[in-house]
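Everything below belongs to work_19.pdb, which stores PDB, C-alpha atoms.
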```pdb
ATOM      1  CA  LYS D   1       0.000   0.000   0.000
ATOM      2  CA  ALA D   2       2.939   2.327   0.652
ATOM      3  CA  GLY D   3       4.280   1.576  -2.839
ATOM      4  CA  LEU D   4       0.836   2.164  -4.337
ATOM      5  CA  LEU D   5       0.634   5.535  -2.595
ATOM      6  CA  GLY D   6       4.096   6.379  -3.916
ATOM      7  CA  TRP D   7       3.049   5.552  -7.499
ATOM      8  CA  ILE D   8      -0.088   7.684  -7.233
ATOM      9  CA  ASN D   9       1.876  10.676  -5.908
ATOM     10  CA  VAL D  10       4.953  10.407  -8.158
ATOM     11  CA  LEU D  11       3.824   9.098 -11.551
ATOM     12  CA  PRO D  12       2.094  11.523 -13.968
ATOM     13  CA  LEU D  13      -1.090   9.463 -13.939
ATOM     14  CA  GLY D  14      -3.833  10.890 -16.139
ATOM     15  CA  SER D  15      -1.523  13.430 -17.756
ATOM     16  CA  GLU D  16      -2.061  13.990 -21.467
ATOM     17  CA  GLN D  17       1.680  14.663 -21.908
ATOM     18  CA  VAL D  18       2.815  11.183 -20.867
ATOM     19  CA  SER D  19       6.077  10.417 -22.661
ATOM     20  CA  ALA D  20       6.491   7.391 -24.885
ATOM     21  CA  SER D  21       8.908   5.821 -22.398
ATOM     22  CA  LEU D  22       6.420   6.204 -19.518
ATOM     23  CA  ALA D  23       3.632   4.809 -21.661
ATOM     24  CA  GLN D  24       5.844   1.799 -22.392
ATOM     25  CA  PHE D  25       6.578   1.508 -18.685
ATOM     26  CA  GLY D  26       2.819   1.556 -18.079
ATOM     27  CA  ARG D  27       2.363  -1.382 -20.447
ATOM     28  CA  PHE D  28       5.075  -3.275 -18.579
ATOM     29  CA  MET D  29       3.302  -2.496 -15.269
ATOM     30  CA  LEU D  30       0.023  -3.712 -16.739
ATOM     31  CA  ILE D  31       1.509  -7.030 -17.845
ATOM     32  CA  ALA D  32       3.429  -7.491 -14.581
ATOM     33  CA  GLY D  33       0.334  -6.707 -12.505
ATOM     34  CA  LEU D  34      -1.834  -9.212 -14.359
ATOM     35  CA  ALA D  35       0.928 -11.823 -14.135
ATOM     36  CA  ALA D  36       1.075 -11.325 -10.354
ATOM     37  CA  ALA D  37      -2.726 -11.455 -10.086
ATOM     38  CA  PHE D  38      -2.988 -14.813 -11.847
ATOM     39  CA  GLY D  39       0.367 -16.357 -10.858
ATOM     40  CA  ALA D  40      -0.032 -15.723  -7.123
ATOM     41  CA  ALA D  41      -3.565 -17.143  -7.181
ATOM     42  CA  LEU D  42      -2.436 -20.273  -8.988
ATOM     43  CA  TYR D  43       0.483 -20.842  -6.617
ATOM     44  CA  GLY D  44      -1.329 -19.825  -3.441
ATOM     45  CA  VAL D  45      -4.132 -22.392  -3.652
ATOM     46  CA  PHE D  46      -1.533 -25.142  -3.122
ATOM     47  CA  GLN D  47      -0.347 -23.746   0.230
ATOM     48  CA  ARG D  48      -1.177 -25.533   3.479
ATOM     49  CA  HIS D  49      -0.911 -22.724   6.031
ATOM     50  CA  PRO D  50      -3.852 -20.277   5.923
ATOM     51  CA  LYS D  51      -1.587 -17.264   6.417
ATOM     52  CA  ALA D  52       0.509 -18.316   3.419
ATOM     53  CA  VAL D  53      -2.666 -18.593   1.329
ATOM     54  CA  LEU D  54      -3.750 -15.122   2.431
ATOM     55  CA  ALA D  55      -0.287 -13.755   1.671
ATOM     56  CA  TYR D  56      -0.536 -14.995  -1.919
ATOM     57  CA  SER D  57      -4.001 -13.468  -2.072
ATOM     58  CA  SER D  58      -2.423 -10.117  -1.163
ATOM     59  CA  ILE D  59       0.085 -10.518  -3.991
ATOM     60  CA  SER D  60      -2.792 -11.255  -6.367
ATOM     61  CA  GLN D  61      -4.818  -8.257  -5.172
ATOM     62  CA  MET D  62      -1.824  -5.919  -5.423
ATOM     63  CA  GLY D  63      -1.279  -7.242  -8.932
ATOM     64  CA  MET D  64      -4.786  -6.063  -9.843
ATOM     65  CA  MET D  65      -4.080  -2.659  -8.296
ATOM     66  CA  THR D  66      -0.804  -2.460 -10.224
ATOM     67  CA  ALA D  67      -2.689  -3.096 -13.465
ATOM     68  CA  LEU D  68      -5.201  -0.359 -12.590
ATOM     69  CA  VAL D  69      -2.430   2.147 -11.808
ATOM     70  CA  ALA D  70      -0.811   1.268 -15.125
ATOM     71  CA  MET D  71      -3.985   2.389 -16.900
ATOM     72  CA  GLY D  72      -3.192   5.931 -15.743
ATOM     73  CA  LEU D  73      -0.144   5.792 -18.027
ATOM     74  CA  VAL D  74      -1.484   3.587 -20.818
ATOM     75  CA  ALA D  75      -4.885   5.314 -21.079
ATOM     76  CA  PRO D  76      -4.614   8.684 -19.228
ATOM     77  CA  GLU D  77      -8.186   9.668 -20.089
ATOM     78  CA  VAL D  78      -9.592   6.951 -17.821
ATOM     79  CA  TRP D  79      -7.609   7.913 -14.711
ATOM     80  CA  PRO D  80      -9.852  10.786 -13.408
ATOM     81  CA  LEU D  81     -12.754   8.326 -13.287
ATOM     82  CA  LEU D  82     -10.702   5.364 -12.118
ATOM     83  CA  TRP D  83      -8.698   6.632  -9.158
ATOM     84  CA  PRO D  84     -11.578   6.885  -6.587
ATOM     85  CA  GLY D  85     -12.480   3.249  -7.252
ATOM     86  CA  LEU D  86      -8.833   2.241  -6.914
ATOM     87  CA  VAL D  87      -8.489   4.063  -3.581
ATOM     88  CA  LEU D  88     -11.640   2.327  -2.301
ATOM     89  CA  PHE D  89     -10.323  -1.001  -3.606
ATOM     90  CA  ALA D  90      -7.009  -0.522  -1.763
ATOM     91  CA  ALA D  91      -8.624   0.627   1.505
ATOM     92  CA  HIS D  92     -11.174  -2.174   1.488
ATOM     93  CA  HIS D  93      -8.502  -4.772   0.741
ATOM     94  CA  ALA D  94      -6.328  -3.522   3.593
ATOM     95  CA  LEU D  95      -9.171  -3.839   6.108
ATOM     96  CA  ALA D  96     -10.666  -7.065   4.756
ATOM     97  CA  LYS D  97      -7.299  -8.763   4.558
ATOM     98  CA  GLY D  98      -6.482  -7.526   8.050
ATOM     99  CA  ALA D  99      -9.715  -9.082   9.296
ATOM    100  CA  LEU D 100      -8.876 -12.345   7.500
ATOM    101  CA  PHE D 101      -5.414 -12.475   9.073
ATOM    102  CA  MET D 102      -6.886 -11.728  12.500
ATOM    103  CA  GLY D 103      -9.382 -14.520  11.809
ATOM    104  CA  THR D 104      -6.561 -17.067  11.626
ATOM    105  CA  SER D 105      -5.853 -16.339  15.279
ATOM    106  CA  ILE D 106      -9.557 -16.723  16.063
ATOM    107  CA  SER D 107      -9.642 -20.178  14.434
ATOM    108  CA  GLU D 108      -6.544 -21.173  16.415
ATOM    109  CA  HIS D 109      -8.254 -20.112  19.683
ATOM    110  CA  LEU D 110     -11.939 -20.663  18.962
ATOM    111  CA  PRO D 111     -14.328 -18.738  21.205
ATOM    112  CA  ARG D 112     -17.216 -20.610  22.789
ATOM    113  CA  TRP D 113     -19.608 -19.699  19.998
ATOM    114  CA  PRO D 114     -21.480 -21.919  17.533
ATOM    115  CA  LEU D 115     -19.110 -22.984  14.763
ATOM    116  CA  THR D 116     -21.576 -21.848  12.102
ATOM    117  CA  ALA D 117     -21.510 -18.320  13.541
ATOM    118  CA  VAL D 118     -17.704 -18.277  13.786
ATOM    119  CA  TRP D 119     -17.171 -19.524  10.248
ATOM    120  CA  GLY D 120     -19.854 -17.237   8.868
ATOM    121  CA  LEU D 121     -18.010 -14.257  10.360
ATOM    122  CA  LEU D 122     -14.653 -15.613   9.177
ATOM    123  CA  ALA D 123     -16.008 -15.850   5.636
ATOM    124  CA  LEU D 124     -17.623 -12.379   5.473
ATOM    125  CA  PRO D 125     -14.480 -10.312   4.698
ATOM    126  CA  GLY D 126     -13.343 -12.932   2.173
ATOM    127  CA  ILE D 127     -16.685 -12.912   0.369
ATOM    128  CA  SER D 128     -16.569  -9.120   0.301
ATOM    129  CA  LEU D 129     -12.990  -9.189  -0.976
ATOM    130  CA  ALA D 130     -14.134 -11.376  -3.876
ATOM    131  CA  GLY D 131     -16.703  -8.682  -4.744
ATOM    132  CA  ALA D 132     -19.877 -10.543  -3.780
ATOM    133  CA  ILE D 133     -21.129  -8.382  -0.884
ATOM    134  CA  GLY D 134     -20.600  -5.105   0.925
ATOM    135  CA  ALA D 135     -17.719  -2.799   0.144
ATOM    136  CA  GLY D 136     -16.177  -5.356  -2.189
ATOM    137  CA  LEU D 137     -19.223  -5.180  -4.462
ATOM    138  CA  VAL D 138     -19.041  -1.378  -4.517
ATOM    139  CA  SER D 139     -15.267  -1.245  -5.038
ATOM    140  CA  LYS D 140     -15.397  -3.694  -7.952
ATOM    141  CA  TRP D 141     -18.047  -1.542  -9.625
ATOM    142  CA  GLY D 142     -15.967   1.549  -8.838
ATOM    143  CA  VAL D 143     -13.140   0.276 -11.052
ATOM    144  CA  LYS D 144     -15.227  -1.566 -13.651
ATOM    145  CA  SER D 145     -17.608   1.289 -14.404
ATOM    146  CA  PRO D 146     -14.888   3.682 -15.723
ATOM    147  CA  LEU D 147     -13.317   0.845 -17.717
ATOM    148  CA  TYR D 148     -16.719   0.077 -19.245
ATOM    149  CA  GLU D 149     -17.221   3.732 -20.064
ATOM    150  CA  MET D 150     -13.831   3.981 -21.770
ATOM    151  CA  HIS D 151     -14.300   0.665 -23.611
ATOM    152  CA  HIS D 152     -11.603  -1.408 -21.907
ATOM    153  CA  GLU D 153     -13.691  -4.564 -21.819
ATOM    154  CA  SER D 154     -10.712  -6.897 -22.238
ATOM    155  CA  LEU D 155      -9.124  -5.654 -19.007
ATOM    156  CA  ILE D 156     -12.469  -6.043 -17.229
ATOM    157  CA  LYS D 157     -12.637  -9.696 -18.264
ATOM    158  CA  LEU D 158      -9.097 -10.313 -17.050
ATOM    159  CA  LEU D 159      -9.803  -8.639 -13.701
ATOM    160  CA  SER D 160     -12.991 -10.690 -13.342
ATOM    161  CA  TRP D 161     -11.067 -13.913 -13.810
ATOM    162  CA  ALA D 162      -8.452 -12.657 -11.353
ATOM    163  CA  ALA D 163     -11.334 -12.198  -8.872
ATOM    164  CA  VAL D 164     -12.105 -15.895  -9.411
ATOM    165  CA  GLY D 165      -8.592 -16.550  -8.102
ATOM    166  CA  THR D 166      -9.339 -14.350  -5.064
ATOM    167  CA  ALA D 167     -12.469 -16.372  -4.296
ATOM    168  CA  ALA D 168     -10.546 -19.629  -4.660
ATOM    169  CA  LEU D 169      -7.778 -18.404  -2.342
ATOM    170  CA  VAL D 170     -10.223 -17.251   0.317
ATOM    171  CA  SER D 171     -12.017 -20.610   0.125
ATOM    172  CA  VAL D 172      -8.740 -22.499   0.519
ATOM    173  CA  ALA D 173      -7.709 -20.281   3.447
ATOM    174  CA  LEU D 174     -10.992 -20.977   5.249
ATOM    175  CA  TRP D 175     -10.661 -24.701   4.556
ATOM    176  CA  ARG D 176      -7.125 -24.725   5.946
ATOM    177  CA  GLN D 177      -8.354 -22.863   9.015
ATOM    178  CA  TRP D 178     -11.038 -25.499   9.503
ATOM    179  CA  GLN D 179      -8.448 -28.258   9.253
ATOM    180  CA  GLN D 180      -6.158 -26.543  11.758
ATOM    181  CA  ARG D 181      -8.789 -25.211  14.173
ATOM    182  CA  HIS D 182      -8.173 -25.460  17.914
ATOM    183  CA  GLN D 183     -10.245 -24.818  20.982
ATOM    184  CA  GLY D 184      -8.752 -22.342  23.362
ATOM    185  CA  GLY D 185     -11.132 -19.482  23.971
ATOM    186  CA  SER D 186      -9.869 -16.240  22.452
ATOM    187  CA  GLN D 187      -9.870 -13.163  24.677
ATOM    188  CA  PRO D 188     -12.616 -10.514  24.391
ATOM    189  CA  GLY D 189     -10.099  -7.949  23.180
ATOM    190  CA  GLN D 190      -8.978 -10.341  20.470
ATOM    191  CA  TRP D 191     -12.364 -11.198  19.002
ATOM    192  CA  GLY D 192     -13.626  -7.674  19.684
ATOM    193  CA  ALA D 193     -10.905  -6.146  17.488
ATOM    194  CA  TRP D 194     -11.627  -8.788  14.860
ATOM    195  CA  LEU D 195     -15.333  -7.877  14.769
ATOM    196  CA  VAL D 196     -14.504  -4.173  14.492
ATOM    197  CA  ALA D 197     -12.194  -4.922  11.544
ATOM    198  CA  ILE D 198     -14.958  -6.895   9.803
ATOM    199  CA  VAL D 199     -17.483  -4.069  10.225
ATOM    200  CA  ALA D 200     -14.956  -1.440   9.081
ATOM    201  CA  ALA D 201     -14.124  -3.529   6.000
ATOM    202  CA  LEU D 202     -17.740  -4.136   4.988
ATOM    203  CA  LEU D 203     -18.702  -0.476   5.474
ATOM    204  CA  THR D 204     -15.606   1.135   3.912
ATOM    205  CA  PRO D 205     -17.539   3.246   1.324
ATOM    206  CA  PHE D 206     -19.569   4.896   4.095
ATOM    207  CA  TRP D 207     -16.627   6.404   5.976
ATOM    208  CA  LEU D 208     -13.829   6.684   3.399
ATOM    209  CA  PRO D 209     -13.520  10.373   2.360
ATOM    210  CA  LEU D 210     -13.888  10.211  -1.431
ATOM    211  CA  PRO D 211     -15.269  12.911  -3.776
ATOM    212  CA  ALA D 212     -19.053  13.100  -3.689
ATOM    213  CA  GLY D 213     -20.636  11.046  -6.451
ATOM    214  CA  SER D 214     -17.384   9.324  -7.430
ATOM    215  CA  ILE D 215     -18.482   5.964  -5.961
ATOM    216  CA  GLU D 216     -21.984   4.619  -6.348
ATOM    217  CA  MET D 217     -23.850   1.410  -5.682
ATOM    218  CA  PRO D 218     -23.870  -0.746  -8.824
ATOM    219  CA  PRO D 219     -27.209  -1.054 -10.623
ATOM    220  CA  LEU D 220     -29.098  -4.221  -9.831
ATOM    221  CA  LYS D 221     -28.647  -5.525 -13.383
ATOM    222  CA  GLU D 222     -24.851  -5.381 -12.929
ATOM    223  CA  TRP D 223     -24.788  -7.399  -9.710
ATOM    224  CA  LEU D 224     -24.569 -10.767 -11.404
ATOM    225  CA  GLY D 225     -21.670  -9.572 -13.578
ATOM    226  CA  ILE D 226     -19.773  -8.523 -10.438
ATOM    227  CA  MET D 227     -20.723 -11.422  -8.151
ATOM    228  CA  TRP D 228     -20.216 -14.406 -10.477
ATOM    229  CA  PRO D 229     -16.443 -14.793  -9.769
ATOM    230  CA  PHE D 230     -17.172 -15.790  -6.155
ATOM    231  CA  PRO D 231     -19.196 -18.993  -6.746
ATOM    232  CA  VAL D 232     -16.957 -19.924  -9.677
ATOM    233  CA  GLY D 233     -13.865 -19.496  -7.492
ATOM    234  CA  VAL D 234     -15.391 -21.682  -4.768
ATOM    235  CA  LEU D 235     -16.139 -24.374  -7.364
ATOM    236  CA  PHE D 236     -12.575 -24.154  -8.667
ATOM    237  CA  ALA D 237     -11.246 -24.546  -5.111
ATOM    238  CA  VAL D 238     -13.410 -27.645  -4.538
ATOM    239  CA  ALA D 239     -12.382 -29.122  -7.905
ATOM    240  CA  GLY D 240      -8.723 -28.447  -7.144
ATOM    241  CA  TRP D 241      -9.051 -30.119  -3.742
ATOM    242  CA  LEU D 242     -10.580 -33.211  -5.338
ATOM    243  CA  LEU D 243      -7.884 -33.358  -8.027
ATOM    244  CA  THR D 244      -5.012 -32.951  -5.560
ATOM    245  CA  ARG D 245      -6.244 -35.487  -2.982
ATOM    246  CA  PRO D 246      -3.951 -38.200  -4.439
ATOM    247  CA  LEU D 247      -0.969 -35.991  -3.505
ATOM    248  CA  LYS D 248      -1.710 -36.867   0.158
ATOM    249  CA  GLY D 249      -1.105 -33.456   1.642
ATOM    250  CA  LYS D 250       1.940 -32.475  -0.388
ATOM    251  CA  SER D 251       2.134 -28.797  -1.233
ATOM    252  CA  LEU D 252       4.377 -26.332  -3.010
ATOM    253  CA  PRO D 253       6.924 -24.600  -0.771
ATOM    254  CA  ALA D 254       5.971 -21.149   0.421
ATOM    255  CA  GLY D 255       8.228 -18.444  -0.948
ATOM    256  CA  ASP D 256       7.894 -19.471  -4.643
ATOM    257  CA  LEU D 257      10.772 -17.684  -6.428
ATOM    258  CA  TRP D 258      12.860 -17.584  -3.265
ATOM    259  CA  TRP D 259      13.888 -21.181  -3.954
ATOM    260  CA  LEU D 260      14.998 -20.168  -7.439
ATOM    261  CA  TYR D 261      16.984 -17.250  -6.007
ATOM    262  CA  ALA D 262      18.557 -19.537  -3.414
ATOM    263  CA  GLY D 263      19.537 -22.025  -6.135
ATOM    264  CA  ILE D 264      21.122 -19.301  -8.262
ATOM    265  CA  VAL D 265      23.058 -17.921  -5.294
ATOM    266  CA  GLY D 266      24.136 -21.447  -4.330
ATOM    267  CA  ALA D 267      25.416 -22.080  -7.858
ATOM    268  CA  ALA D 268      27.258 -18.740  -7.831
ATOM    269  CA  LEU D 269      28.905 -19.662  -4.522
ATOM    270  CA  VAL D 270      30.371 -22.922  -5.896
ATOM    271  CA  PRO D 271      33.495 -21.292  -7.456
ATOM    272  CA  ILE D 272      33.892 -19.179  -4.336
ATOM    273  CA  ARG D 273      33.822 -22.322  -2.197
ATOM    274  CA  LEU D 274      36.368 -24.005  -4.502
ATOM    275  CA  CYS D 275      38.643 -20.975  -4.258
ATOM    276  CA  GLY D 276      38.216 -20.999  -0.480
ATOM    277  CA  ASN D 277      39.097 -24.700  -0.293
ATOM    278  CA  TYR D 278      42.193 -24.110  -2.453
ATOM    279  CA  CYS D 279      43.272 -21.231  -0.218
ATOM    280  CA  ALA D 280      42.729 -23.395   2.869
ATOM    281  CA  GLN D 281      44.860 -26.178   1.382
ATOM    282  CA  LEU D 282      47.561 -23.660   0.409
ATOM    283  CA  LYS D 283      47.517 -22.251   3.925
ATOM    284  CA  ALA D 284      47.816 -25.726   5.458
ATOM    285  CA  ALA D 285      50.758 -26.585   3.162
ATOM    286  CA  SER D 286      52.482 -23.284   3.988
ATOM    287  CA  VAL D 287      52.053 -23.857   7.715
ATOM    288  CA  ALA D 288      53.443 -27.420   7.402
ATOM    289  CA  ASN D 289      56.508 -26.230   5.433
ATOM    290  CA  ALA D 290      57.131 -23.430   7.927
ATOM    291  CA  GLN D 291      56.963 -25.915  10.790
ATOM    292  CA  LYS D 292      59.459 -28.208   9.060
ATOM    293  CA  ALA D 293      61.855 -25.305   8.392
ATOM    294  CA  GLU D 294      61.513 -24.224  12.021
ATOM    295  CA  GLU D 295      62.307 -27.729  13.261
ATOM    296  CA  THR D 296      65.408 -27.920  11.012
ATOM    297  CA  LEU D 297      66.646 -24.524  12.178
ATOM    298  CA  MET D 298      66.064 -25.419  15.800
ATOM    299  CA  GLY D 299      68.057 -28.664  15.286
ATOM    300  CA  HIS D 300      71.041 -26.679  13.984
ATOM    301  CA  LEU D 301      70.793 -24.212  16.850
ATOM    302  CA  THR D 302      70.610 -27.063  19.343
ATOM    303  CA  ARG D 303      73.799 -28.625  17.929
ATOM    304  CA  LEU D 304      75.559 -25.267  18.054
ATOM    305  CA  LEU D 305      74.556 -24.816  21.679
ATOM    306  CA  SER D 306      75.837 -28.305  22.551
ATOM    307  CA  SER D 307      79.248 -27.517  20.915
ATOM    308  CA  GLU D 308      79.566 -24.395  23.095
ATOM    309  CA  SER D 309      80.018 -26.469  26.258
ATOM    310  CA  TRP D 310      82.743 -28.562  24.537
ATOM    311  CA  LEU D 311      84.588 -25.381  23.533
ATOM    312  CA  ARG D 312      84.435 -24.092  27.117
ATOM    313  CA  HIS D 313      85.807 -27.397  28.469
ATOM    314  CA  HIS D 314      88.822 -27.406  26.059
ATOM    315  CA  ALA D 315      89.432 -23.679  25.991
ATOM    316  CA  GLY D 316      93.038 -23.898  27.378
ATOM    317  CA  GLY D 317      94.215 -26.515  24.921
ATOM    318  CA  LEU D 318      92.583 -24.771  22.010
ATOM    319  CA  MET D 319      94.307 -21.493  22.951
ATOM    320  CA  MET D 320      97.715 -23.272  23.001
ATOM    321  CA  VAL D 321      97.051 -24.818  19.585
ATOM    322  CA  LEU D 322      96.045 -21.429  18.278
ATOM    323  CA  ALA D 323      99.226 -19.837  19.707
ATOM    324  CA  VAL D 324     101.426 -22.503  18.104
ATOM    325  CA  LEU D 325      99.702 -22.000  14.769
ATOM    326  CA  LEU D 326     100.177 -18.238  14.957
ATOM    327  CA  ALA D 327     103.879 -18.609  15.864
ATOM    328  CA  ALA D 328     104.419 -21.035  12.974
ATOM    329  CA  LEU D 329     102.686 -18.657  10.615
ATOM    330  CA  MET D 330     104.843 -15.723  11.762
ATOM    331  CA  MET D 331     108.045 -17.793  11.365
ATOM    332  CA  TRP D 332     106.999 -18.829   7.873
ATOM    333  CA  GLU D 333     106.296 -15.224   6.896
ATOM    334  CA  GLY D 334     109.727 -14.176   8.282
ATOM    335  CA  GLN D 335     111.478 -16.722   6.068
ATOM    336  CA  GLN D 336     109.646 -15.373   3.022
TER     337      GLN D 336
END
```
Is it possible to express this structure as structure tokens?
Amino acid sequence: KAGLLGWINVLPLGSEQVSASLAQFGRFMLIAGLAAAFGAALYGVFQRHPKAVLAYSSISQMGMMTALVAMGLVAPEVWPLLWPGLVLFAAHHALAKGALFMGTSISEHLPRWPLTAVWGLLALPGISLAGAIGAGLVSKWGVKSPLYEMHHESLIKLLSWAAVGTAALVSVALWRQWQQRHQGGSQPGQWGAWLVAIVAALLTPFWLPLPAGSIEMPPLKEWLGIMWPFPVGVLFAVAGWLLTRPLKGKSLPAGDLWWLYAGIVGAALVPIRLCGNYCAQLKAASVANAQKAEETLMGHLTRLLSSESWLRHHAGGLMMVLAVLLAALMMWEGQQ
């Protein structure tokens, strides 16, 4: 959300003088956003931990928002009509996703309520996030209506199918929470904050300060076109669960591309490790040679020290021999 705010404040969104390079950058953002929306949904439904599923749902939702921001560069004329719906979309997602994450703690420490009531409340922000009720229904219309008006039907279809992925992810997250539920009795402050987050998420359009008339309730005839991704996403989640049952609980590792990055870094470190091993071997050989040289030198010094005592013991005789040699040498020089 901080990055989204930075884009909105820094990029010349809606400007008629958008340069060719920025327009090209907008097309790249559009493609990258749609890729994140669909790729994260496809990968996230195979996660086992509910928080991991919700995290991939956030990536998917931010991918949709990235694609909508990109329209401010690709089609500047649509931005004045589009930005209020995008702001509502972002605010509603922040609150609904916060409520869903708080709900994982509720399912881990179930209050002493009927399970139908607990799971109905757990599902509400997810259903709204998929665009089927409440603020989600209004926010989806807030971004689709300008795109309809400016004849960007292809993007609308893609975003609708991305919403199918959102519904599937929310369904999987709730199923994982059901599988991992625990009794424990959550504290009143815990479930109280959770309920406040749900209400704030569902009623976002009523308190969010947007320009008057910029966001409206969708006409009744448009409801089916906005709500259909939710039941389709639930059906996809059920079908995926049935198809993956033979895997016996196996799932893709959380972190997706992190494993690729780790593999690349590991491969890059191989020559560094080889160089380190060579340096270690060279160091060991150098230390061994130095030790041998030191032992040899110490042997010579030891022998020299042992000869010193012999010289001291025969000092008188050696001096006499030296005197005789000197006298003989002087006599020989005198004869020359």
Best match for closeness to Glu108 of chain D among D:Phe28, D:Tyr261, D:Trp178, D:Trp207, counting only C-alpha atoms |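 Answer, going by the shortest atom-to-atom distance: D:Trp178.
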Determine, using all atoms listed in the file, which residues of segment 111-139 of chain D have any atom at most 10 Å from an atom of segment 201-206 of chain D, and tabulate each with its shortest atom pair and distance in Å to one decimal place, rows ordered by chain and then rising number, as JSON lines.
```
{"residue": "D:Leu124", "atom": "CA", "partner": "D:Leu202", "partner_atom": "CA", "distance": 8.3}
{"residue": "D:Pro125", "atom": "CA", "partner": "D:Ala201", "partner_atom": "CA", "distance": 6.9}
{"residue": "D:Ile127", "atom": "CA", "partner": "D:Leu202", "partner_atom": "CA", "distance": 10.0}
{"residue": "D:Ser128", "atom": "CA", "partner": "D:Leu202", "partner_atom": "CA", "distance": 6.9}
{"residue": "D:Leu129", "atom": "CA", "partner": "D:Ala201", "partner_atom": "CA", "distance": 9.1}
{"residue": "D:Ile133", "atom": "CA", "partner": "D:Leu202", "partner_atom": "CA", "distance": 8.0}
{"residue": "D:Gly134", "atom": "CA", "partner": "D:Leu202", "partner_atom": "CA", "distance": 5.1}
{"residue": "D:Ala135", "atom": "CA", "partner": "D:Leu202", "partner_atom": "CA", "distance": 5.0}
{"residue": "D:Gly136", "atom": "CA", "partner": "D:Leu202", "partner_atom": "CA", "distance": 7.4}
{"residue": "D:Leu137", "atom": "CA", "partner": "D:Leu202", "partner_atom": "CA", "distance": 9.6}
{"residue": "D:Val138", "atom": "CA", "partner": "D:Pro205", "partner_atom": "CA", "distance": 7.6}
{"residue": "D:Ser139", "atom": "CA", "partner": "D:Pro205", "partner_atom": "CA", "distance": 8.1}
```
Determine, counting all atoms listed in the file, which protein, DNA and RNA residues have an atom within 10 Å of an atom of Lys144 of chain D; residues of the same chain fewer than 3 positions away are not included. Present the result as a PyMOL selection string.
-> chain D and resi 82+85+138-141+147-150+152-153+155-157+159-160+218+226
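The gap separating atom CA of Ala284 of chain D from atom CA of Thr296 of chain D is 18.6 Å, in Å to one decimal.
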Residues picked by the PyMOL selection byres ((chain D and resi 195) around 12) here, as a list in words?
->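 That expression, the PyMOL selection byres ((chain D and resi 195) around 12), corresponds here to Leu95, Ala96, Gly98, Ala99, Leu100, Met102, Gly103, Ile106, Val118, Gly120, Leu121, Leu122, Leu124, Pro125, Pro188, Gly189, Gln190, Trp191, Gly192, Ala193, Trp194, Val196, Ala197, Ile198, Val199, Ala200, Ala201 and Leu202 of chain D.
Taking atom CA of Ala237 of chain D as the reference point, atom CA of Phe38 of chain D is found at 14.4 Å.
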Got a sec to resolve the PyMOL selection byres ((chain D and resi 240-242) around 12) on this structure and send the residues as a short mmCIF file (atom, residue, chain, number, x, y, z; two decimals) with C-alpha atoms, in the frame of the given file?
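After the write, part26.cif holds the following:
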```
data_model
loop_
_atom_site.label_atom_id
_atom_site.label_comp_id
_atom_site.auth_asym_id
_atom_site.auth_seq_id
_atom_site.Cartn_x
_atom_site.Cartn_y
_atom_site.Cartn_z
CA LEU D 42 -2.44 -20.27 -8.99
CA TYR D 43 0.48 -20.84 -6.62
CA GLY D 44 -1.33 -19.82 -3.44
CA VAL D 45 -4.13 -22.39 -3.65
CA PHE D 46 -1.53 -25.14 -3.12
CA GLN D 47 -0.35 -23.75 0.23
CA ARG D 48 -1.18 -25.53 3.48
CA GLY D 165 -8.59 -16.55 -8.10
CA ALA D 168 -10.55 -19.63 -4.66
CA LEU D 169 -7.78 -18.40 -2.34
CA SER D 171 -12.02 -20.61 0.12
CA VAL D 172 -8.74 -22.50 0.52
CA TRP D 175 -10.66 -24.70 4.56
CA ARG D 176 -7.12 -24.72 5.95
CA GLY D 233 -13.86 -19.50 -7.49
CA VAL D 234 -15.39 -21.68 -4.77
CA LEU D 235 -16.14 -24.37 -7.36
CA PHE D 236 -12.58 -24.15 -8.67
CA ALA D 237 -11.25 -24.55 -5.11
CA VAL D 238 -13.41 -27.64 -4.54
CA ALA D 239 -12.38 -29.12 -7.90
CA LEU D 243 -7.88 -33.36 -8.03
CA THR D 244 -5.01 -32.95 -5.56
CA ARG D 245 -6.24 -35.49 -2.98
CA PRO D 246 -3.95 -38.20 -4.44
CA LEU D 247 -0.97 -35.99 -3.50
CA LYS D 248 -1.71 -36.87 0.16
CA GLY D 249 -1.10 -33.46 1.64
CA LYS D 250 1.94 -32.48 -0.39
CA SER D 251 2.13 -28.80 -1.23
#
```
Run the PyMOL selection byres ((chain D and resi 254) around 8) against the file shown and list the residues it catches, as a PyMOL selection string.
-> chain D and resi 47+52+252-253+255-256
Give me the residues within 8 Å of Met71 of chain D as JSON, numbers by chain, counting only C-alpha atoms and dropping any in the same chain fewer than 5 places off.
-> {"D": [26, 30, 76, 78, 79]}
One decimal place gives the atom CA of Ala41 of chain D-atom CA of Thr166 of chain D separation as 6.8 Å
So which one's closest to Gln61 of chain D, D:Ala323, D:Ala290, D:Ile215, D:Ala130? Using only C-alpha atoms, please.
->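 Nearest to Gln61 of chain D: D:Ala130.
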With all atoms of segment 93-101 of chain D from the file as input, state the centre and edge lengths in Å to one decimal of the axis-aligned box that has 3 Å extra on each side, as lines of an AutoDock Vina configuration file.
```
center_x = -8.0
center_y = -8.0
center_z = 5.0
size_x = 11.3
size_y = 15.0
size_z = 14.6
```
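The residue that comes closest to Gly185 of chain D, out of D:Ser107, D:Gly126, D:Val143, D:Trp223 and on the basis of only C-alpha atoms, is D:Ser107.
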Compile the contact shell of Gly6 of chain D as a list in words: residues with an atom at most 12 Å away, counting all atoms listed in the file, same-chain residues fewer than 6 positions apart removed.
->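 Neighbouring residues, sequence-local ones excluded: Pro12, Leu13, Thr66 and Val69 of chain D.
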Find the residue from D:Ala35, D:Pro146, D:Phe25, D:Ala40 that sits nearest to Leu81 of chain D; use all atoms listed in the file when measuring.
->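 For Leu81 of chain D, the nearest of the candidates is D:Pro146.
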